[in-house]
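S.K.: Got a structure here, written out as structure tokens. Questions coming.
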Amino acid sequence: MATFGIQHYDAFLIASIALNLTPGLDTFYILTRSGREGHAAGMAAALGINAGCIVHTLAAVLGISAILTTSAFAFSVLKYLGAAYLMWIGARMVFSRSTTRQPTETKGKGLAAAFRQGMLTNVLNPKVALFFLAFLPQFVSMHAMHPQLGLVLLGLSFIGTGLAWSSVLALMGGRIHRLLLARPQLGRWMDRLCGTILLAFGVKLALQQRS
């Protein structure tokens, strides 16, 4: 750890677990996806979200995320792209006319879509990029021999705790899915509720300011 400049690793892990347990867009998206399509789709969404965290970790290491702190234009572009994408997903759920849920929805294209959407909702959120840029360096000494590797290791540790919790959420969503299979009408109302909440997340993201 000393070679990589990592400091107070135990405190970092505790903070990471606490942050991952805090409900947010990622939590809601995994529950929504697994509730609509089953445990497998929820896991695909979780993997996509954590793949997005890998992108943010590498961006923080390479200094790309720093552009968002210095360029209002870059921040706004990413913010509005993310907001538009969330609202697009939400609108599709609200106005969907689908009345059935088959287990086959979670196979093939369904899993790929869950992964892709999970990754994009994470990557297109500038606040997540700024979080990684601000959070990881607090636990790494920039005077170490390989501080960049230290940042990567911390990022992977954060992702590991996040993936563990995401797996639990996917299992919880899978139970909801089995309930909705037996009650199609309840499933349609859930689609509208979840779509409305995703629309609200999109509006919230569009209104966010750089801190």
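Each chain in the structure tokens gets a letter, A, B and so on, in the order shown; residues start at 1 in every chain, and ligands are counted from 1 in the order they appear.
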What's around A:Leu31 at 8 Å? Count only C-alpha atoms, leave out sequence neighbours fewer than 5 positions away in its own chain, and write the answer as a PyMOL selection string.

M.R.: chain A and resi 42+169-170+172-173

S.K.: Set the distance at 10 Å and use only C-alpha atoms: which residues neighbour A:Val55 once local chain neighbours fewer than 6 positions away are removed? I'd like the list as a PyMOL selection string.

M.R.: chain A and resi 49+61+119+122-123+129+155

S.K.: Could you check the closest approach to A:Leu136 for each of A:Val77, A:Leu21, A:Ala60, A:Ile30 and tell me which residue wins, using only C-alpha atoms?

M.R.: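 Selected residue with least distance to A:Leu136: A:Ala60.
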
S.K.: Can you tell me how far atom CA of A:Ser65 sits from atom CA of A:Leu198, in Å to one decimal?

M.R.: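 Pair atom CA of A:Ser65 / atom CA of A:Leu198 returns 24.9 Å.
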